[in-house]
Amino acid sequence: MSELKRILQQITALSEVPEPSVLKKLIDTLRADEGDAAKSIEVANENIQALITLLQTHPEYGSGLAAFILKLLNQYQQISLFTETGILSDQGFMTSLNRLIGHRFLPILPQDDSVVELVDYLFDHRHDKRWLMGINEQLWDTLVNLITVDAAHADLVATAKNNLLNAMVILSYRITGIGLHPELMSAYPQILGYSAAFVAQNQEAVLFVNQYRQAHELDSLQDVTPEQAISTAPLMVMIEQCEDIVTTIRKRIYKTGISIRMTNMMLRLEQSLRRMRILCELLADNHKNRDRAIVELTATIISSSKRRYSIGYLINNNTKLLSRKITENASRVGEHYISTNKAGYRNMFKKASIGGFVIAFMATLKILSYSLILAPIGRAFVNSMIYGLGFVFIHIIHGTVATKQPAMTAAAIASTISDGSGKKTKQLNKLSELIVDILRTQFVAIMGNVLIAMPVALLISLLWLQFGGEPMIGVDKAEHLLHDLDPFHSLALPHAAIAGVFLFLSGLIAGYYDNLALYNHIGARIVRHKTLKRILPKPWLERLGQFIETNLGAIMGNFLFGVFLGSTATIGFIFGLPIDIRHIAFASANFAHGLINMPADLVTVNLVLISLLGVALIGLVNLLVSFSLALIVALRSKEVQFSEWGRLAKLLFTHLWTNPKDFVLPRAEPMKYAAIDSQGQMIFEEVNNKKGGKPLPTNYVIRRLSQVKVMPAANQPKESKAPTEGMDENKTMVLDDGLMDTPMPPDTSDSDDKTANAKISLPKPSKPPKLPS
């Protein structure tokens with residue numbers, strides 16, 4: 001307490017000539033130890049409580065601290081702080097990467113007048129954001145109310161508010177620019193009908209800024225309290241409408257596709273709208289919202305200051321962008337891997353049985369191909385064609401391969417934790433139930449593959465022996481097949497993990513090509529192909545275009561999955577690495593071939609049990625690896641914090657303990673998901689949830705332009721006149737964006753009131769104090 005009091009006394013004494021080092025001492029004193037997270041948050045709350053007690057006892061410390069902070073901040077450029085910090089940059093990945101790599105060899109010069117540099121100096125510990133975010137809301141509310149500025153420093157508050165208002169106008173123009181971007185309109189032509197929302201948002205922002213500046217007399221660097229507060233409600237309505245349009249566009253992405261550039265723009269638009277909300281809350285009278293906005297903005301600034309030169313953060317941020325792109329484009333048809341009722345469960349078993357039947361023949365062809373004398377590259381090619389073309393054939397005849405994780409799974413997961421789907425607890429409950437449904441669907445797919453592939457492969461070996469007169473494979477090959485399934489004496493499980501990675505990648509590839517087909521209008525372009533128009537009749541050509549656009553993702557995902565499986569062993573052989581793949585469906589077929597072609601005296605119960613255990617564990621590893629990666633991508637795309645994984649695991653284990661049969665058999669009462677039907681297909685509804693689920697009307701935009709200033713066209717005075725109800729042909733509309741500084745009138749000795757009716761320009765920041773390097 002004594003140390004805090006001494007620092008506060010020093011801050012109060014230096015409020016007119018603030019030094020960053022003194023404020024840093026205060027933050028260092030409040031900072032908790034960086035050990036246990038829970039303990040550090042508890043200590044931080046105790047320290048904040050001690051600070052509050054001192055400020056309550058000595059109110060002059062609160063006003064001195066407020067003046068010190070505002071005086072210090074006013075020495076730095078603040079506009080970019082509000083308009084850029086924490087908002088995704090529009091720079092390309094390679095441009096940013098080259099800049100940061102260059103920084104490692106020749107450091108980038110810091111922007112000495114940037115508040116971010118000041119924040120980086122003040123909060124120089126790794127976990128500062130953690131303990132700040134852990135402070136109790138009531139403590140924040142009390143603390144902010146105690147740090148008040150006295151009337152003598154009203155000019156500091158006015159300058160800070162002017163900076164906020166100027167930032168709002170700049171941010172508003174940027175939102176309008178992104179919302180009316182040609183690529184966004186191309187992806188969603190109907191936005192032209194709603195485009196006025198982005199324009200009206202800008203107009204409302206300008207009107208609010210002008211009215212707020214005038215009512216609080218900020219132009220004269222005062223901060224008076226008006227009789228009637230300037231409401232942010234009209235501006236917030238327009239911001240909400242812009243957010244609704246963004247939500248509608250996201251729901252239409254499955255029809256239009258999306259590019260990385262457009263994903264970047266959508267994310268910047270969402271972040272900019274969120275920042276506008278924060279700036280509005282900082283200026284509004286709602287103290288609770290204001291305090292939350294202060295905490296959120298502070299945490300964003302601290303995070304940005306720590307990460308602005310981080311290559312790891314750049315890569316992490318761009319992979320999140322890719323994750324968002326993947327999860328926001330679901331495969332429209334084809335392979336769906338979530339069944340919620342008995343009909344979907346039976347349908348998945350039927351499709352898996354078809355896949356298992358074909359896989360038995362694929363496994364047989366692969367075994368027989370080893371009798372061919374081929375170079376390593378030739379071996380990789382043959383195996384890749386057997387796998388790749390076989391998987392494509394399975395898809396065409398409406399079969400499925402067990403444990404495949406398409407991009408749609410990630411999209412379905414992401415839909416349960418979307419920003420508007422409720423509180424985090426409810427979202428995690430829904431997510432845990434969805435994972436149970438996914439695992440059950442994967443289980444029945446595995447059973448369909450194994451229960452058909454194994455007996456069919458057994459039958460093929462028996463028929464070969466019956467009609468060929470000799471076993472299909474020799475004893476050495478049969479022993480090798482069974483040895484590859486041994487989980488204890490072979491690399492079966494690591495190889496199964498490699499196959500799980502390929503299963504996951506095939507889902508991403510399917511999502512990528514589905515998106516590519518939609519975004520580039522592949523189907524329509526095939527129909528217009530000159531050569532194909534001469535060869536094929538028009539109905540055939542239209543069916544071909546529709547088929548390719550609809551199935552391109554599934555075909556390419558399956559084919560390239562086969563290439564991965566077929567070439568891994570060869571790549572390992574070339575580089576001397578012990579890598580290969582194991583997939584449960586092929587493992588079950590190989591088990592049948594190896595067992596039936598082994599001499600009877602070599603077949604033991606122990607061998608059979610170990611091989612069956614290997615098959616089961618291979619399937620488990622396939623499923624866990626591929627599904628875990630899909631889950632990570634989905635959660636990263638929605639920025640779910642790692643701390644919530646423990647809660648998710650607890651929910652899953654609780655469900656397994658109380659209702660284990662839900663993981664293998666359909667529920668009596670199927671779960672219902674807002675964005676997933678009973679067959680596992682995504683539901684895309686172009687409705688606004690906040691408007692009672694009704695479609696957006698064409699006249700949805702509220703235009704509120706009656707309070708725009710109207711000036712005579714002939715000679716427009718600098719002072720604004722009262723708003724008029726109508727406009728005639730001799731009048732023109734002028735929007736004052738609040739960014740133009742009016743210079744002080746010349747100093748004349750004849751004038752009694754030299755500053756009467758004159759606007760005072762915003763003071764330019766003085767040179768900020770040099771921070772220690």
# chains A, B, ... in the order shown; residues from 1 in each chain; ligands from 1
>>> residues_around(residues="Ala343 (chain A)", least_positions_apart="2", cutoff="12 Å", atoms="only C-alpha atoms", output="JSON, numbers by chain")
{"A": [338, 339, 340, 341, 345, 346, 347, 348, 349, 350, 441, 665, 666, 667, 668, 670, 677, 678, 679, 680]}
>>> residues_around(residues="region 611-618 of chain A", least_positions_apart="3", cutoff="8 Å", atoms="only C-alpha atoms", output="list in words")
Leu482, His483, Leu485, Asp486, Pro487, Ala492, Leu493, Ala496, Arg582, His583, Ile584, Ala587, Ser588, Phe591, Leu607, Val608, Val621 and Asn622 of chain A
>>> residues_around(residues="Gly134 (chain A)", least_positions_apart="2", cutoff="9 Å", atoms="only C-alpha atoms", output="PDB file with N, CA and C atoms, in the first residue's frame")
ATOM      1  N   ALA A  38      -4.548 -18.838 -12.337  1.00  0.00           N
ATOM      2  CA  ALA A  38      -5.622 -18.495 -11.401  1.00  0.00           C
ATOM      3  C   ALA A  38      -5.084 -17.652 -10.246  1.00  0.00           C
ATOM      4  N   SER A  40      -2.411 -15.693 -10.271  1.00  0.00           N
ATOM      5  CA  SER A  40      -2.021 -14.360 -10.732  1.00  0.00           C
ATOM      6  C   SER A  40      -3.239 -13.457 -10.896  1.00  0.00           C
ATOM      7  N   ILE A  41      -4.344 -14.007 -11.367  1.00  0.00           N
ATOM      8  CA  ILE A  41      -5.570 -13.215 -11.509  1.00  0.00           C
ATOM      9  C   ILE A  41      -6.101 -12.800 -10.139  1.00  0.00           C
ATOM     10  N   GLU A  42      -6.024 -13.724  -9.178  1.00  0.00           N
ATOM     11  CA  GLU A  42      -6.482 -13.403  -7.817  1.00  0.00           C
ATOM     12  C   GLU A  42      -5.642 -12.283  -7.210  1.00  0.00           C
ATOM     13  N   ALA A  44      -3.915 -10.038  -8.864  1.00  0.00           N
ATOM     14  CA  ALA A  44      -4.190  -8.805  -9.606  1.00  0.00           C
ATOM     15  C   ALA A  44      -5.455  -8.124  -9.084  1.00  0.00           C
ATOM     16  N   ASN A  45      -6.484  -8.904  -8.794  1.00  0.00           N
ATOM     17  CA  ASN A  45      -7.720  -8.328  -8.244  1.00  0.00           C
ATOM     18  C   ASN A  45      -7.475  -7.706  -6.872  1.00  0.00           C
ATOM     19  N   LYS A 129      -1.930  -9.324 -20.720  1.00  0.00           N
ATOM     20  CA  LYS A 129      -3.325  -9.372 -21.161  1.00  0.00           C
ATOM     21  C   LYS A 129      -4.137 -10.304 -20.276  1.00  0.00           C
ATOM     22  N   ARG A 130      -3.522 -11.396 -19.834  1.00  0.00           N
ATOM     23  CA  ARG A 130      -4.242 -12.402 -19.050  1.00  0.00           C
ATOM     24  C   ARG A 130      -4.740 -11.840 -17.729  1.00  0.00           C
ATOM     25  N   TRP A 131      -3.846 -11.166 -16.977  1.00  0.00           N
ATOM     26  CA  TRP A 131      -4.302 -10.674 -15.675  1.00  0.00           C
ATOM     27  C   TRP A 131      -5.215  -9.466 -15.809  1.00  0.00           C
ATOM     28  N   LEU A 132      -5.039  -8.675 -16.875  1.00  0.00           N
ATOM     29  CA  LEU A 132      -5.950  -7.554 -17.085  1.00  0.00           C
ATOM     30  C   LEU A 132      -7.365  -8.038 -17.381  1.00  0.00           C
ATOM     31  N   ASN A 136     -12.046  -8.379 -12.043  1.00  0.00           N
ATOM     32  CA  ASN A 136     -13.494  -8.386 -11.859  1.00  0.00           C
ATOM     33  C   ASN A 136     -14.145  -7.146 -12.478  1.00  0.00           C
ATOM     34  N   GLU A 137     -15.310  -7.356 -13.129  1.00  0.00           N
ATOM     35  CA  GLU A 137     -15.997  -6.243 -13.805  1.00  0.00           C
ATOM     36  C   GLU A 137     -16.387  -5.140 -12.838  1.00  0.00           C
TER      37      GLU A 137
END
>>> closest_residue(among="A:Ala215, A:Val382, A:Ile101, A:Leu602", to="Tyr309 (chain A)", atoms="only C-alpha atoms")
A:Ile101
>>> closest_residue(among="A:Asn558, A:Leu184, A:Leu431, A:Ile249", to="Ile394 (chain A)", atoms="only C-alpha atoms")
A:Asn558
>>> residues_around(residues="Ile294 (chain A)", least_positions_apart="3", cutoff="9 Å", atoms="only C-alpha atoms", output="short mmCIF file (atom, residue, chain, number, x, y, z; two decimals) with C-alpha atoms, in the first residue's frame")
data_model
loop_
_atom_site.label_atom_id
_atom_site.label_comp_id
_atom_site.auth_asym_id
_atom_site.auth_seq_id
_atom_site.Cartn_x
_atom_site.Cartn_y
_atom_site.Cartn_z
CA ILE A 278 -16.59 -0.05 -29.05
CA GLU A 281 -19.76 2.67 -26.19
CA LEU A 282 -16.77 4.77 -25.11
CA ASN A 289 -20.73 -0.97 -21.56
CA ARG A 290 -18.08 1.77 -21.43
CA ASP A 291 -15.98 -0.18 -18.93
CA LEU A 297 -9.74 -2.12 -26.37
CA THR A 298 -6.87 -2.23 -23.85
CA ALA A 299 -6.49 -6.00 -24.28
#
>>> closest_residue(among="A:Leu624, A:Leu273, A:Ile27, A:Ala154", to="Ser220 (chain A)", atoms="only C-alpha atoms")
A:Ala154
>>> closest_residue(among="A:Tyr370, A:Val475, A:Pro539, A:His593", to="Pro455 (chain A)", atoms="only C-alpha atoms")
A:His593
>>> select_by_dssp(residues="region 126-163 of chain A", states="alpha helix (DSSP H)", output="list in words")
Asp128, Lys129, Arg130, Trp131, Leu132, Met133, Glu137, Gln138, Leu139, Trp140, Asp141, Thr142, Leu143, Val144, Asn145, Leu146, Ala154, Asp155, Leu156, Val157, Ala158, Thr159, Ala160, Lys161, Asn162 and Asn163 of chain A
>>> write_last_selection(atoms="C-alpha atoms", output="PDB file, in the first residue's frame")
ATOM      1  CA  ASP A 128      -0.183  -8.826 -19.125  1.00  0.00           C
ATOM      2  CA  LYS A 129      -3.325  -9.372 -21.161  1.00  0.00           C
ATOM      3  CA  ARG A 130      -4.242 -12.402 -19.050  1.00  0.00           C
ATOM      4  CA  TRP A 131      -4.302 -10.674 -15.675  1.00  0.00           C
ATOM      5  CA  LEU A 132      -5.950  -7.554 -17.085  1.00  0.00           C
ATOM      6  CA  MET A 133      -8.792  -9.585 -18.598  1.00  0.00           C
ATOM      7  CA  GLU A 137     -15.997  -6.243 -13.805  1.00  0.00           C
ATOM      8  CA  GLN A 138     -17.230  -4.498 -10.658  1.00  0.00           C
ATOM      9  CA  LEU A 139     -13.660  -3.530  -9.772  1.00  0.00           C
ATOM     10  CA  TRP A 140     -13.166  -2.103 -13.266  1.00  0.00           C
ATOM     11  CA  ASP A 141     -16.389  -0.123 -12.970  1.00  0.00           C
ATOM     12  CA  THR A 142     -15.380   1.286  -9.585  1.00  0.00           C
ATOM     13  CA  LEU A 143     -11.836   2.084 -10.739  1.00  0.00           C
ATOM     14  CA  VAL A 144     -12.916   3.892 -13.901  1.00  0.00           C
ATOM     15  CA  ASN A 145     -15.408   5.987 -11.936  1.00  0.00           C
ATOM     16  CA  LEU A 146     -12.681   7.029  -9.498  1.00  0.00           C
ATOM     17  CA  ALA A 154     -11.554  19.678 -19.527  1.00  0.00           C
ATOM     18  CA  ASP A 155      -9.418  20.447 -22.577  1.00  0.00           C
ATOM     19  CA  LEU A 156      -7.679  17.064 -22.200  1.00  0.00           C
ATOM     20  CA  VAL A 157     -11.005  15.238 -22.252  1.00  0.00           C
ATOM     21  CA  ALA A 158     -12.169  17.311 -25.228  1.00  0.00           C
ATOM     22  CA  THR A 159      -9.001  16.473 -27.167  1.00  0.00           C
ATOM     23  CA  ALA A 160      -9.372  12.755 -26.385  1.00  0.00           C
ATOM     24  CA  LYS A 161     -13.023  12.797 -27.462  1.00  0.00           C
ATOM     25  CA  ASN A 162     -12.149  14.681 -30.647  1.00  0.00           C
ATOM     26  CA  ASN A 163      -9.673  11.923 -31.474  1.00  0.00           C
TER      27      ASN A 163
END
>>> residues_around(residues="Val664 (chain A)", least_positions_apart="2", cutoff="12 Å", atoms="only C-alpha atoms", output="list in words")
Ser339, Thr340, Lys342, Tyr345, Val436, Asp437, Ile438, Leu439, Arg440, Thr441, Gln442, Phe443, Val444, Ala445, Ile446, Met447, Leu656, Asn659, Pro660, Lys661, Asp662, Pro666 and Arg667 of chain A
>>> closest_residue(among="A:Lys25, A:Val17, A:Pro768, A:Ser272", to="Ser89 (chain A)", atoms="only C-alpha atoms")
A:Ser272
>>> closest_residue(among="A:Leu465, A:Leu771, A:Leu8, A:Lys351", to="Ile396 (chain A)", atoms="only C-alpha atoms")
A:Lys351
>>> residues_around(residues="Gly566 (chain A)", least_positions_apart="3", cutoff="12 Å", atoms="only C-alpha atoms", output="number ranges by chain")
A: 362-363, 366, 376-391, 499, 502, 559-563, 569-572, 579-583
>>> decode(residues="region 74-117 of chain A", atoms="N, CA and C atoms", output="JSON list (two decimals), in the first residue's frame")
[["chain", "number", "residue", "atom", "x", "y", "z"],
["A", 74, "ASN", "N", -2.10, 12.34, -25.11],
["A", 74, "ASN", "CA", -2.25, 13.43, -26.07],
["A", 74, "ASN", "C", -0.93, 13.82, -26.74],
["A", 75, "GLN", "N", 0.17, 13.29, -26.24],
["A", 75, "GLN", "CA", 1.45, 13.54, -26.88],
["A", 75, "GLN", "C", 1.73, 12.54, -28.02],
["A", 76, "TYR", "N", 0.80, 11.61, -28.21],
["A", 76, "TYR", "CA", 0.96, 10.58, -29.24],
["A", 76, "TYR", "C", -0.18, 10.67, -30.26],
["A", 77, "GLN", "N", 0.08, 10.16, -31.44],
["A", 77, "GLN", "CA", -0.97, 10.06, -32.47],
["A", 77, "GLN", "C", -1.93, 8.93, -32.09],
["A", 78, "GLN", "N", -3.21, 9.22, -32.01],
["A", 78, "GLN", "CA", -4.17, 8.24, -31.51],
["A", 78, "GLN", "C", -5.12, 7.71, -32.58],
["A", 79, "ILE", "N", -5.22, 8.40, -33.72],
["A", 79, "ILE", "CA", -6.20, 7.98, -34.73],
["A", 79, "ILE", "C", -5.94, 6.55, -35.19],
["A", 80, "SER", "N", -4.68, 6.24, -35.54],
["A", 80, "SER", "CA", -4.37, 4.88, -36.01],
["A", 80, "SER", "C", -4.60, 3.85, -34.93],
["A", 81, "LEU", "N", -4.47, 4.26, -33.67],
["A", 81, "LEU", "CA", -4.72, 3.34, -32.57],
["A", 81, "LEU", "C", -6.15, 2.80, -32.62],
["A", 82, "PHE", "N", -7.11, 3.69, -32.89],
["A", 82, "PHE", "CA", -8.51, 3.29, -32.90],
["A", 82, "PHE", "C", -8.92, 2.67, -34.23],
["A", 83, "THR", "N", -8.27, 3.04, -35.32],
["A", 83, "THR", "CA", -8.72, 2.61, -36.64],
["A", 83, "THR", "C", -7.94, 1.43, -37.22],
["A", 84, "GLU", "N", -6.77, 1.11, -36.66],
["A", 84, "GLU", "CA", -5.94, 0.07, -37.25],
["A", 84, "GLU", "C", -5.52, -1.02, -36.28],
["A", 85, "THR", "N", -5.22, -0.65, -35.04],
["A", 85, "THR", "CA", -4.72, -1.63, -34.08],
["A", 85, "THR", "C", -5.77, -2.70, -33.79],
["A", 86, "GLY", "N", -5.39, -3.96, -33.99],
["A", 86, "GLY", "CA", -6.31, -5.06, -33.74],
["A", 86, "GLY", "C", -7.23, -5.38, -34.90],
["A", 87, "ILE", "N", -7.11, -4.65, -36.01],
["A", 87, "ILE", "CA", -7.91, -4.92, -37.21],
["A", 87, "ILE", "C", -7.00, -5.49, -38.28],
["A", 88, "LEU", "N", -7.44, -6.54, -38.91],
["A", 88, "LEU", "CA", -6.63, -7.27, -39.87],
["A", 88, "LEU", "C", -6.12, -6.34, -40.97],
["A", 89, "SER", "N", -4.84, -6.48, -41.30],
["A", 89, "SER", "CA", -4.24, -5.66, -42.35],
["A", 89, "SER", "C", -4.66, -6.19, -43.72],
["A", 90, "ASP", "N", -4.71, -5.29, -44.71],
["A", 90, "ASP", "CA", -5.03, -5.72, -46.07],
["A", 90, "ASP", "C", -3.77, -6.07, -46.86],
["A", 91, "GLN", "N", -2.61, -6.10, -46.19],
["A", 91, "GLN", "CA", -1.38, -6.52, -46.85],
["A", 91, "GLN", "C", -1.40, -8.02, -47.12],
["A", 92, "GLY", "N", -0.76, -8.44, -48.21],
["A", 92, "GLY", "CA", -0.65, -9.85, -48.51],
["A", 92, "GLY", "C", 0.28, -10.56, -47.54],
["A", 93, "PHE", "N", 0.16, -11.89, -47.49],
["A", 93, "PHE", "CA", 0.96, -12.67, -46.56],
["A", 93, "PHE", "C", 2.46, -12.55, -46.87],
["A", 94, "MET", "N", 2.83, -12.69, -48.14],
["A", 94, "MET", "CA", 4.25, -12.65, -48.50],
["A", 94, "MET", "C", 4.86, -11.28, -48.24],
["A", 95, "THR", "N", 4.09, -10.22, -48.50],
["A", 95, "THR", "CA", 4.59, -8.86, -48.23],
["A", 95, "THR", "C", 4.88, -8.69, -46.75],
["A", 96, "SER", "N", 3.96, -9.11, -45.91],
["A", 96, "SER", "CA", 4.15, -8.99, -44.47],
["A", 96, "SER", "C", 5.29, -9.88, -43.99],
["A", 97, "LEU", "N", 5.38, -11.09, -44.55],
["A", 97, "LEU", "CA", 6.44, -12.02, -44.13],
["A", 97, "LEU", "C", 7.82, -11.47, -44.48],
["A", 98, "ASN", "N", 7.96, -10.94, -45.70],
["A", 98, "ASN", "CA", 9.25, -10.36, -46.11],
["A", 98, "ASN", "C", 9.65, -9.19, -45.19],
["A", 99, "ARG", "N", 8.66, -8.39, -44.80],
["A", 99, "ARG", "CA", 8.94, -7.25, -43.92],
["A", 99, "ARG", "C", 9.44, -7.73, -42.57],
["A", 100, "LEU", "N", 8.81, -8.76, -42.01],
["A", 100, "LEU", "CA", 9.20, -9.24, -40.69],
["A", 100, "LEU", "C", 10.53, -10.00, -40.73],
["A", 101, "ILE", "N", 10.78, -10.73, -41.82],
["A", 101, "ILE", "CA", 12.08, -11.39, -41.95],
["A", 101, "ILE", "C", 13.18, -10.35, -42.05],
["A", 102, "GLY", "N", 12.93, -9.28, -42.82],
["A", 102, "GLY", "CA", 13.90, -8.19, -42.90],
["A", 102, "GLY", "C", 14.14, -7.56, -41.55],
["A", 103, "HIS", "N", 13.09, -7.51, -40.71],
["A", 103, "HIS", "CA", 13.22, -6.95, -39.36],
["A", 103, "HIS", "C", 14.21, -7.74, -38.51],
["A", 104, "ARG", "N", 14.32, -9.07, -38.79],
["A", 104, "ARG", "CA", 15.27, -9.90, -38.03],
["A", 104, "ARG", "C", 16.73, -9.52, -38.35],
["A", 105, "PHE", "N", 16.98, -9.07, -39.57],
["A", 105, "PHE", "CA", 18.34, -8.71, -39.98],
["A", 105, "PHE", "C", 18.63, -7.23, -39.75],
["A", 106, "LEU", "N", 17.62, -6.40, -40.03],
["A", 106, "LEU", "CA", 17.79, -4.95, -39.87],
["A", 106, "LEU", "C", 16.50, -4.42, -39.26],
["A", 107, "PRO", "N", 16.51, -4.13, -37.95],
["A", 107, "PRO", "CA", 15.26, -3.80, -37.26],
["A", 107, "PRO", "C", 14.51, -2.64, -37.91],
["A", 108, "ILE", "N", 13.19, -2.76, -37.91],
["A", 108, "ILE", "CA", 12.33, -1.69, -38.40],
["A", 108, "ILE", "C", 12.35, -0.54, -37.40],
["A", 109, "LEU", "N", 12.43, 0.68, -37.92],
["A", 109, "LEU", "CA", 12.43, 1.84, -37.02],
["A", 109, "LEU", "C", 11.08, 1.96, -36.34],
["A", 110, "PRO", "N", 11.05, 2.09, -35.02],
["A", 110, "PRO", "CA", 9.76, 2.22, -34.32],
["A", 110, "PRO", "C", 9.13, 3.58, -34.60],
["A", 111, "GLN", "N", 7.80, 3.62, -34.55],
["A", 111, "GLN", "CA", 7.08, 4.87, -34.69],
["A", 111, "GLN", "C", 6.98, 5.52, -33.31],
["A", 112, "ASP", "N", 7.86, 6.48, -33.07],
["A", 112, "ASP", "CA", 7.96, 7.04, -31.74],
["A", 112, "ASP", "C", 6.69, 7.75, -31.29],
["A", 113, "ASP", "N", 5.87, 8.20, -32.25],
["A", 113, "ASP", "CA", 4.65, 8.91, -31.88],
["A", 113, "ASP", "C", 3.43, 7.99, -31.84],
["A", 114, "SER", "N", 3.66, 6.68, -31.90],
["A", 114, "SER", "CA", 2.55, 5.72, -31.87],
["A", 114, "SER", "C", 2.27, 5.28, -30.43],
["A", 115, "VAL", "N", 1.01, 5.25, -30.08],
["A", 115, "VAL", "CA", 0.62, 4.81, -28.74],
["A", 115, "VAL", "C", 1.00, 3.35, -28.53],
["A", 116, "VAL", "N", 1.05, 2.56, -29.63],
["A", 116, "VAL", "CA", 1.40, 1.15, -29.51],
["A", 116, "VAL", "C", 2.80, 0.99, -28.93],
["A", 117, "GLU", "N", 3.72, 1.89, -29.33],
["A", 117, "GLU", "CA", 5.07, 1.83, -28.77],
["A", 117, "GLU", "C", 5.03, 2.12, -27.27]]
